[in-house]
Every structure is written in C-alpha cells, then in structure tokens.
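Have a look at the structure below, then the notes.
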Amino acid sequence: MYNIKGKEKIFVYTGPDGSGRKTISKMVATAFDMETVLSYTTRSPRHYETDGEDYHFVTEESFKQMQAQEAFLESVEIDGIHYGIREQDIVEAFQNHDYVYLTLNPEGTEKLKTMYGDGVVRIFIYANRDTVIRRQKERQDSEEVIARHLSHYDEIMNYKNSCEHAFENFDSPQVAYQVSELIETFLDRDLTVTDY
Ligand SMILES: Nc1nc2c(ncn2[C@@H]2O[C@H](COP(=O)(O)OP(=O)(O)O)[C@@H](O)[C@H]2O)c(=O)[nH]1
Ligand SMILES: Nc1ncnc2c1ncn2[C@@H]1O[C@H](COP(=O)(O)OP(=O)(O)O)[C@@H](O)[C@H]1O
C-alpha cells in the first residue's frame with residue numbers, strides 16, 4: 001500500500017451516478033495543481049468516452065491478470081463490471097503533485113478512507129433522482145445503464161452523511177467555486193501580504 005506523505009491528500013468525489021461528480025472535479029482541478037488517476041474497467045466505453053481519457057478500458061483477462069499481480073490499490077465489482085485504481089498510477093501522480101483526485105463509488109471511497117484516514121477527503125456530490133435521470137438521458141446513457149445506476153441511488157445517498165463534505169449540484173460553476181474554496185483551506189500558502 002502506498003504511504004501518503006506530508007501534505008499529500010486524496011480528494012475522492014463520490015455520490016450518485018449522473019450527479020455531476022466528474023464535471024465538478026474537472027472544473028475544480030483547473031484551478032489547482034492536482035491530478036486525477038484513471039480507473040481500469042472491464043466495461044465497454046460509452047459513445048462519449050475515450051480510452052485513456054475517461055478510463056483505461058481493459059478485457060476481463062487483463063483485469064484478472066492485474067489483480068493477480070496485486071496491481072490495484074483498490075478494486076470493486078459493480079453489477080458484474082470490474083473497476084480498479086492501479087497503485088503505480090497513484091505513486092506516479094504523487095511524484096509531481098501533492099493532491100490527487102478520484103471518482104469512486106462509496107465502497108471504494110470507504111476502503112481508501114480506512115487505508116488513509118485524514119489523507120482522504122470525501123466530497124459527496126448529489127442531485128435528486130429526477131435530475132440524475134435527466135442528466136443521464138442528456139448524455140444519452142442507455143435505459144439499461146440508467147436503470148442500473150438508479151438501482152443504487154438510495155444506497156449511495158445513504159453515504160452522504162458519512163462524508164466530510166456534501167454539495168448539491170444545481171449550478172455547476174457555483175458548486176465548483178464552493179469545492180475550490182474547500183480545497184483552498186488545505187493549501188499551505190505563504191500568507192505574507194505584499195504591497196505593490
Ligand atoms: N471503487 C471504485 N469505483 C469506481 C472506480 N472507477 C469508477 N468507479 C465508480 O463506479 C461507479 C459505476 O461506474 P459506471 O456505471 O461505469 O459509471 P460512470 O461513473 O459513468 O463511469 C461510479 O460511481 C464510478 O464513479 C474504481 O476504480 N473504484
Ligand atoms: N449542474 C449541472 N447542471 C446541468 N447539467 C450538469 C450539471 N453538472 C453536470 N451536468 C451534466 O450531467 C451529466 C452527468 O455529469 P457527470 O459529471 O458525468 O456525472 P457523474 O460523474 O456523477 O456520473 C453530464 O452530461 C454533465 O455535463
């Protein structure tokens with residue numbers, strides 16, 4: 001297991017699918033020196049996804065091989081699909097950045113929290129059921145994918161109160177601003193005032 005050092009933090013975005021976790025996390029990351037680590041998954045890419053940009057899409061066989069080599073820091077199976085974060089990717093991300101962010105389901109989030117304690121900050125992003133349905137329809141997820149995601153909605157919402165921070169995502173620029181303010185509080189800035 002990778003040992004988190006000094007100022008290093010893992011910000012984990014969790015919450016219901018379609019609530020806007022990835023959208024918010026990307027908006028926030030533009031303002032800070034933080035990097036994400038893509039998961040490996042055995043599911044096929046959706047029409048709006050690209051290998052190496054959204055996920056590393058791999059076969060069942062390669063995933064199993066990676067598991068056998070204990071390559072994953074954390075991995076889960078959701079509805080028969082495997083997802084995992086490769087430990088070496090985390091090691092490399094921390095070589096150049098103090099902050100790494102991930103988008104995980106509550107099970108994976110909880111595993112990382114147990115491993116790293118204060119090194120992990122959980123940011124729960126949510127929206128009501130109708131809104132997540134509408135957003136998934138807008139990004140043209142299939143009825144089957146939407147139904148699968150909705151079957152987890154209530155259970156995922158139950159995780160909200162366990163997280164350090166929770167934001168309802170109506171207006172993404174506003175939420176991104178609020179999350180950025182939160183991340184600011186972790187920055188170890190030199191607060192000397194300079195007159196120009
Ligand atoms: N624990 C864990 N969860 C993951 C990982 N990669 C993705 N997830 C989460 O797994 C859930 C299911 O993902 P999926 O249905 O493919 O929807 P997606 O969020 O649009 O990719 C989502 O909540 C993802 O954020 C991972 O490596 N580990
Ligand atoms: N505040 C918002 N208002 C309207 N649409 C949004 C908002 N936040 C995200 N979206 C859109 O909703 C969809 C789901 O967002 P995404 O970030 O992919 O969710 P998640 O990562 O939680 O599954 C995307 O098409 C995204 O552009």
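Chain labels A, B, ... are given in the sequence in which chains occur in the structure tokens; within each chain residues are numbered consecutively from 1, and ligands are likewise numbered from 1 in the order shown.
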
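Neighbours of ligand 1 at a cut-off of 6 Å, computed so that only C-alpha atoms and all ligand atoms are counted, are the residues Asp17, Ser39, Ser75, Val76, Tyr83, Gly84, Ile85, Thr103, Leu104, Asn105, Glu107 and Gly108 of chain A.
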
File dump, residues just selected, C-alpha atoms, as a tab-separated table (two decimals), in the first residue's frame:
chain	number	residue	atom	x	y	z
A	17	ASP	CA	-24.03	8.46	-11.00
A	39	SER	CA	-9.55	3.69	-13.22
A	75	SER	CA	-10.83	-2.50	-6.79
A	76	VAL	CA	-14.56	-3.27	-6.79
A	83	TYR	CA	-13.18	-1.23	-11.64
A	84	GLY	CA	-9.80	-0.57	-10.08
A	85	ILE	CA	-7.18	2.06	-9.33
A	103	THR	CA	-14.24	9.47	-8.67
A	104	LEU	CA	-15.29	6.33	-6.85
A	105	ASN	CA	-18.38	4.55	-5.62
A	107	GLU	CA	-17.48	1.13	-1.33
A	108	GLY	CA	-14.15	2.16	-2.86

With the cut-off set at 8 Å and counting only C-alpha atoms and all ligand atoms, tabulate each residue of chain A with an atom at most that distance from an atom of ligand 2, showing the nearest atom pair and its distance in Å to one decimal, ordered by chain and increasing number, as a Markdown table.
| residue | atom | partner | partner_atom_place_in_ligand_line | distance |
| --- | --- | --- | --- | --- |
| A:Thr14 | CA | ligand 2 | 22 (O) | 7.6 |
| A:Gly15 | CA | ligand 2 | 22 (O) | 6.7 |
| A:Pro16 | CA | ligand 2 | 22 (O) | 6.0 |
| A:Asp17 | CA | ligand 2 | 23 (O) | 3.8 |
| A:Gly18 | CA | ligand 2 | 23 (O) | 3.6 |
| A:Ser19 | CA | ligand 2 | 22 (O) | 4.1 |
| A:Gly20 | CA | ligand 2 | 17 (O) | 3.3 |
| A:Arg21 | CA | ligand 2 | 22 (O) | 3.8 |
| A:Lys22 | CA | ligand 2 | 17 (O) | 3.8 |
| A:Thr23 | CA | ligand 2 | 17 (O) | 3.6 |
| A:Ile24 | CA | ligand 2 | 17 (O) | 6.4 |
| A:Ser25 | CA | ligand 2 | 17 (O) | 7.9 |
| A:Thr103 | CA | ligand 2 | 21 (O) | 7.2 |
| A:Ile125 | CA | ligand 2 | 22 (O) | 7.4 |
| A:Tyr126 | CA | ligand 2 | 22 (O) | 7.9 |
| A:Val132 | CA | ligand 2 | 14 (C) | 7.3 |
| A:Arg135 | CA | ligand 2 | 12 (O) | 4.3 |
| A:Gln136 | CA | ligand 2 | 13 (C) | 5.8 |
| A:Glu138 | CA | ligand 2 | 25 (O) | 6.1 |
| A:Arg139 | CA | ligand 2 | 25 (O) | 4.6 |
| A:Asn169 | CA | ligand 2 | 1 (N) | 5.1 |
| A:Phe170 | CA | ligand 2 | 1 (N) | 4.5 |
| A:Asp171 | CA | ligand 2 | 1 (N) | 4.2 |
| A:Ser172 | CA | ligand 2 | 1 (N) | 3.8 |
| A:Pro173 | CA | ligand 2 | 1 (N) | 7.5 |
| A:Val175 | CA | ligand 2 | 1 (N) | 7.9 |

Limited to C-alpha atoms, could you put the picked residues into a file as an mmCIF file, in the first residue's frame?
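The result, stored in result-v5.cif:
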data_model
loop_
_atom_site.group_PDB
_atom_site.id
_atom_site.type_symbol
_atom_site.label_atom_id
_atom_site.label_comp_id
_atom_site.auth_asym_id
_atom_site.auth_seq_id
_atom_site.Cartn_x
_atom_site.Cartn_y
_atom_site.Cartn_z
ATOM 1 C CA THR A 14 -18.451 10.208 -4.653
ATOM 2 C CA GLY A 15 -22.242 10.293 -4.916
ATOM 3 C CA PRO A 16 -24.908 9.071 -7.340
ATOM 4 C CA ASP A 17 -24.026 8.460 -10.998
ATOM 5 C CA GLY A 18 -25.120 11.360 -13.160
ATOM 6 C CA SER A 19 -24.980 13.858 -10.285
ATOM 7 C CA GLY A 20 -22.013 15.637 -11.857
ATOM 8 C CA ARG A 21 -19.026 14.320 -9.902
ATOM 9 C CA LYS A 22 -16.695 14.208 -12.895
ATOM 10 C CA THR A 23 -17.880 17.579 -14.199
ATOM 11 C CA ILE A 24 -17.251 19.295 -10.869
ATOM 12 C CA SER A 25 -13.945 17.523 -10.257
ATOM 13 C CA THR A 103 -14.243 9.475 -8.665
ATOM 14 C CA ILE A 125 -21.846 15.441 -4.918
ATOM 15 C CA TYR A 126 -25.555 14.821 -5.297
ATOM 16 C CA VAL A 132 -29.800 12.471 -12.275
ATOM 17 C CA ARG A 135 -28.691 14.317 -16.924
ATOM 18 C CA GLN A 136 -28.034 10.711 -17.862
ATOM 19 C CA GLU A 138 -28.999 14.125 -21.863
ATOM 20 C CA ARG A 139 -25.641 12.400 -22.108
ATOM 21 C CA ASN A 169 -25.163 20.163 -7.664
ATOM 22 C CA PHE A 170 -27.735 22.549 -9.191
ATOM 23 C CA ASP A 171 -25.447 25.150 -10.625
ATOM 24 C CA SER A 172 -22.086 23.628 -11.531
ATOM 25 C CA PRO A 173 -19.987 26.868 -11.550
ATOM 26 C CA VAL A 175 -20.578 24.202 -6.726
#

Checklist entry - Using the chain letters and numbers from this document, which residues of chain A does DSSP assign to strand (DSSP E or B), as a count of residues only? => result 44

Item to check | Val12 of chain A surroundings by only C-alpha atoms, 6 Å radius, close-in-sequence under 2 positions cut, as a PyMOL selection string | outcome: chain A and resi 101-103+122-123

Export of prior selection with N, CA and C atoms as a tab-separated table (two decimals), in the first residue's frame:
chain	number	residue	atom	x	y	z
A	101	TYR	N	-7.03	13.46	-7.23
A	101	TYR	CA	-8.48	13.29	-7.05
A	101	TYR	C	-8.99	12.11	-7.85
A	102	LEU	N	-10.02	11.48	-7.31
A	102	LEU	CA	-10.59	10.28	-7.91
A	102	LEU	C	-12.12	10.36	-7.86
A	103	THR	N	-12.78	9.62	-8.74
A	103	THR	CA	-14.24	9.47	-8.67
A	103	THR	C	-14.53	8.00	-8.41
A	122	ARG	N	-13.41	13.19	1.60
A	122	ARG	CA	-14.54	12.71	0.80
A	122	ARG	C	-15.48	13.86	0.45
A	123	ILE	N	-15.71	14.05	-0.84
A	123	ILE	CA	-16.59	15.12	-1.31
A	123	ILE	C	-17.79	14.45	-1.99

Item to check | Best match for closeness to Gly80 of chain A among A:Gln174, A:Thr109, A:Ser62, A:Thr42, counting only C-alpha atoms | outcome: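 Nearest candidate to Gly80 of chain A out of A:Gln174, A:Thr109, A:Ser62, A:Thr42: A:Thr42.
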
Checklist outcome for this item: Between atom CA of Phe124 of chain A and atom CA of Asp98 of chain A lies a distance of 20.9 Å

Item to check | Expected answer as a VMD selection string: helix (DSSP H, G or I) residues in segment 2-190 of chain A | outcome: chain A and resid 21 to 29 60 to 68 87 to 96 106 to 119 129 to 138 143 to 150 153 to 157 160 to 162 172 to 184

Item to check | Exercise: Glu184 of chain A partners within 12 Å, only C-alpha atoms, chain neighbours under 2 positions left out, as a VMD selection string | outcome: chain A and resid 28 to 29 31 to 33 99 177 to 182 186 to 189

Put those residues in a file: C-alpha atoms, as a PDB file, in the first residue's frame.
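Result went into result-v4.pdb, see below:
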ATOM      1  CA  VAL A  28     -12.078  22.368  -9.736  1.00  0.00           C
ATOM      2  CA  ALA A  29      -8.845  20.772 -10.965  1.00  0.00           C
ATOM      3  CA  ALA A  31      -7.622  25.960 -10.547  1.00  0.00           C
ATOM      4  CA  PHE A  32      -5.172  23.790  -8.620  1.00  0.00           C
ATOM      5  CA  ASP A  33      -2.072  21.732  -9.131  1.00  0.00           C
ATOM      6  CA  TYR A  99      -3.149  16.435  -4.477  1.00  0.00           C
ATOM      7  CA  TYR A 177     -16.443  27.502  -6.617  1.00  0.00           C
ATOM      8  CA  GLN A 178     -17.559  26.104  -3.242  1.00  0.00           C
ATOM      9  CA  VAL A 179     -15.415  22.985  -3.643  1.00  0.00           C
ATOM     10  CA  SER A 180     -12.472  25.173  -4.690  1.00  0.00           C
ATOM     11  CA  GLU A 181     -12.888  27.209  -1.505  1.00  0.00           C
ATOM     12  CA  LEU A 182     -12.780  23.968   0.447  1.00  0.00           C
ATOM     13  CA  PHE A 186      -5.781  22.672   2.607  1.00  0.00           C
ATOM     14  CA  LEU A 187      -3.249  24.789   0.745  1.00  0.00           C
ATOM     15  CA  ASP A 188      -0.184  25.731   2.670  1.00  0.00           C
ATOM     16  CA  ARG A 189       0.168  29.215   1.195  1.00  0.00           C
TER      17      ARG A 189
END

Counting only C-alpha atoms, give me one row per residue of segment 139-159 of chain A with an atom at most 12 Å from an atom of segment 43-46 of chain A, showing the shortest contact pair and its distance in Å to one decimal, sorted by chain then residue number, as a tab-separated table.
residue	atom	partner	partner_atom	distance
A:Arg139	CA	A:Arg46	CA	9.8
A:Gln140	CA	A:Arg46	CA	9.1
A:Asp141	CA	A:Arg46	CA	7.7
A:Ser142	CA	A:Arg46	CA	9.3
A:Val145	CA	A:Arg46	CA	10.2

Would you list the contacts of Ser151 of chain A as a JSON list (two decimals) with C-alpha atoms, in the first residue's frame, taking every protein, DNA or RNA residue within 12 Å and counting only C-alpha atoms, but skipping same-chain residues closer than 3 positions in sequence?
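Once everything was written out, this is out09.json:
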[["chain", "number", "residue", "atom", "x", "y", "z"],
["A", 16, "PRO", "CA", -24.91, 9.07, -7.34],
["A", 17, "ASP", "CA", -24.03, 8.46, -11.00],
["A", 78, "ILE", "CA", -20.36, -3.36, -9.53],
["A", 79, "ASP", "CA", -23.15, -5.20, -11.39],
["A", 129, "ARG", "CA", -33.45, 11.37, -8.57],
["A", 133, "ILE", "CA", -32.21, 10.68, -14.63],
["A", 144, "GLU", "CA", -30.42, -0.11, -19.14],
["A", 145, "VAL", "CA", -27.46, 1.88, -17.80],
["A", 146, "ILE", "CA", -29.78, 4.46, -16.23],
["A", 147, "ALA", "CA", -31.86, 1.73, -14.56],
["A", 148, "ARG", "CA", -28.70, 0.08, -13.25],
["A", 154, "ASP", "CA", -30.84, 5.21, -2.38],
["A", 155, "GLU", "CA", -27.95, 3.19, -1.05],
["A", 156, "ILE", "CA", -25.45, 5.73, -2.38],
["A", 157, "MET", "CA", -27.43, 8.66, -0.90]]

Next on the checklist: as a list in words, please: the residues near segment 112-119 of chain A (cut-off 8 Å, only C-alpha atoms, same-chain neighbours under 3 positions excluded).
Outcome noted: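 Surrounding residues, per the criterion: Ile4, Glu8, Lys9, Ile10, Glu74, Gly108 and Thr109 of chain A.
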
Item to check | Top pick for closest residue to Ile81 of chain A, considering A:Thr36, A:Gln67, A:Thr59, A:Asn161 and counting only C-alpha atoms | outcome: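 Using only C-alpha atoms, Ile81 of chain A sits closest to A:Thr59.
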
Next on the checklist: Please compute the atom CA of Lys5 of chain A-atom CA of Lys111 of chain A distance, one decimal, in Å.
Outcome noted: 18.4 Å

Checklist entry - What does the distance between atom CA of Tyr48 of chain A and atom CA of Ala71 of chain A come to in Å, to one decimal place? => result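 One can read the atom CA of Tyr48 of chain A to atom CA of Ala71 of chain A distance as 27.6 Å.
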
Next on the checklist: I need the residue nearest Val37 of chain A from this list: A:Ile183, A:Val121, A:Cys163, A:Val100. Use only C-alpha atoms for the distance.
Outcome noted: A:Val100

Checklist entry - Excluding same-chain residues fewer than 5 positions from Val91 of chain A, what lies within 10 Å of it counting only C-alpha atoms, as a ChimeraX atom specification? => result /A:1-4,86,96
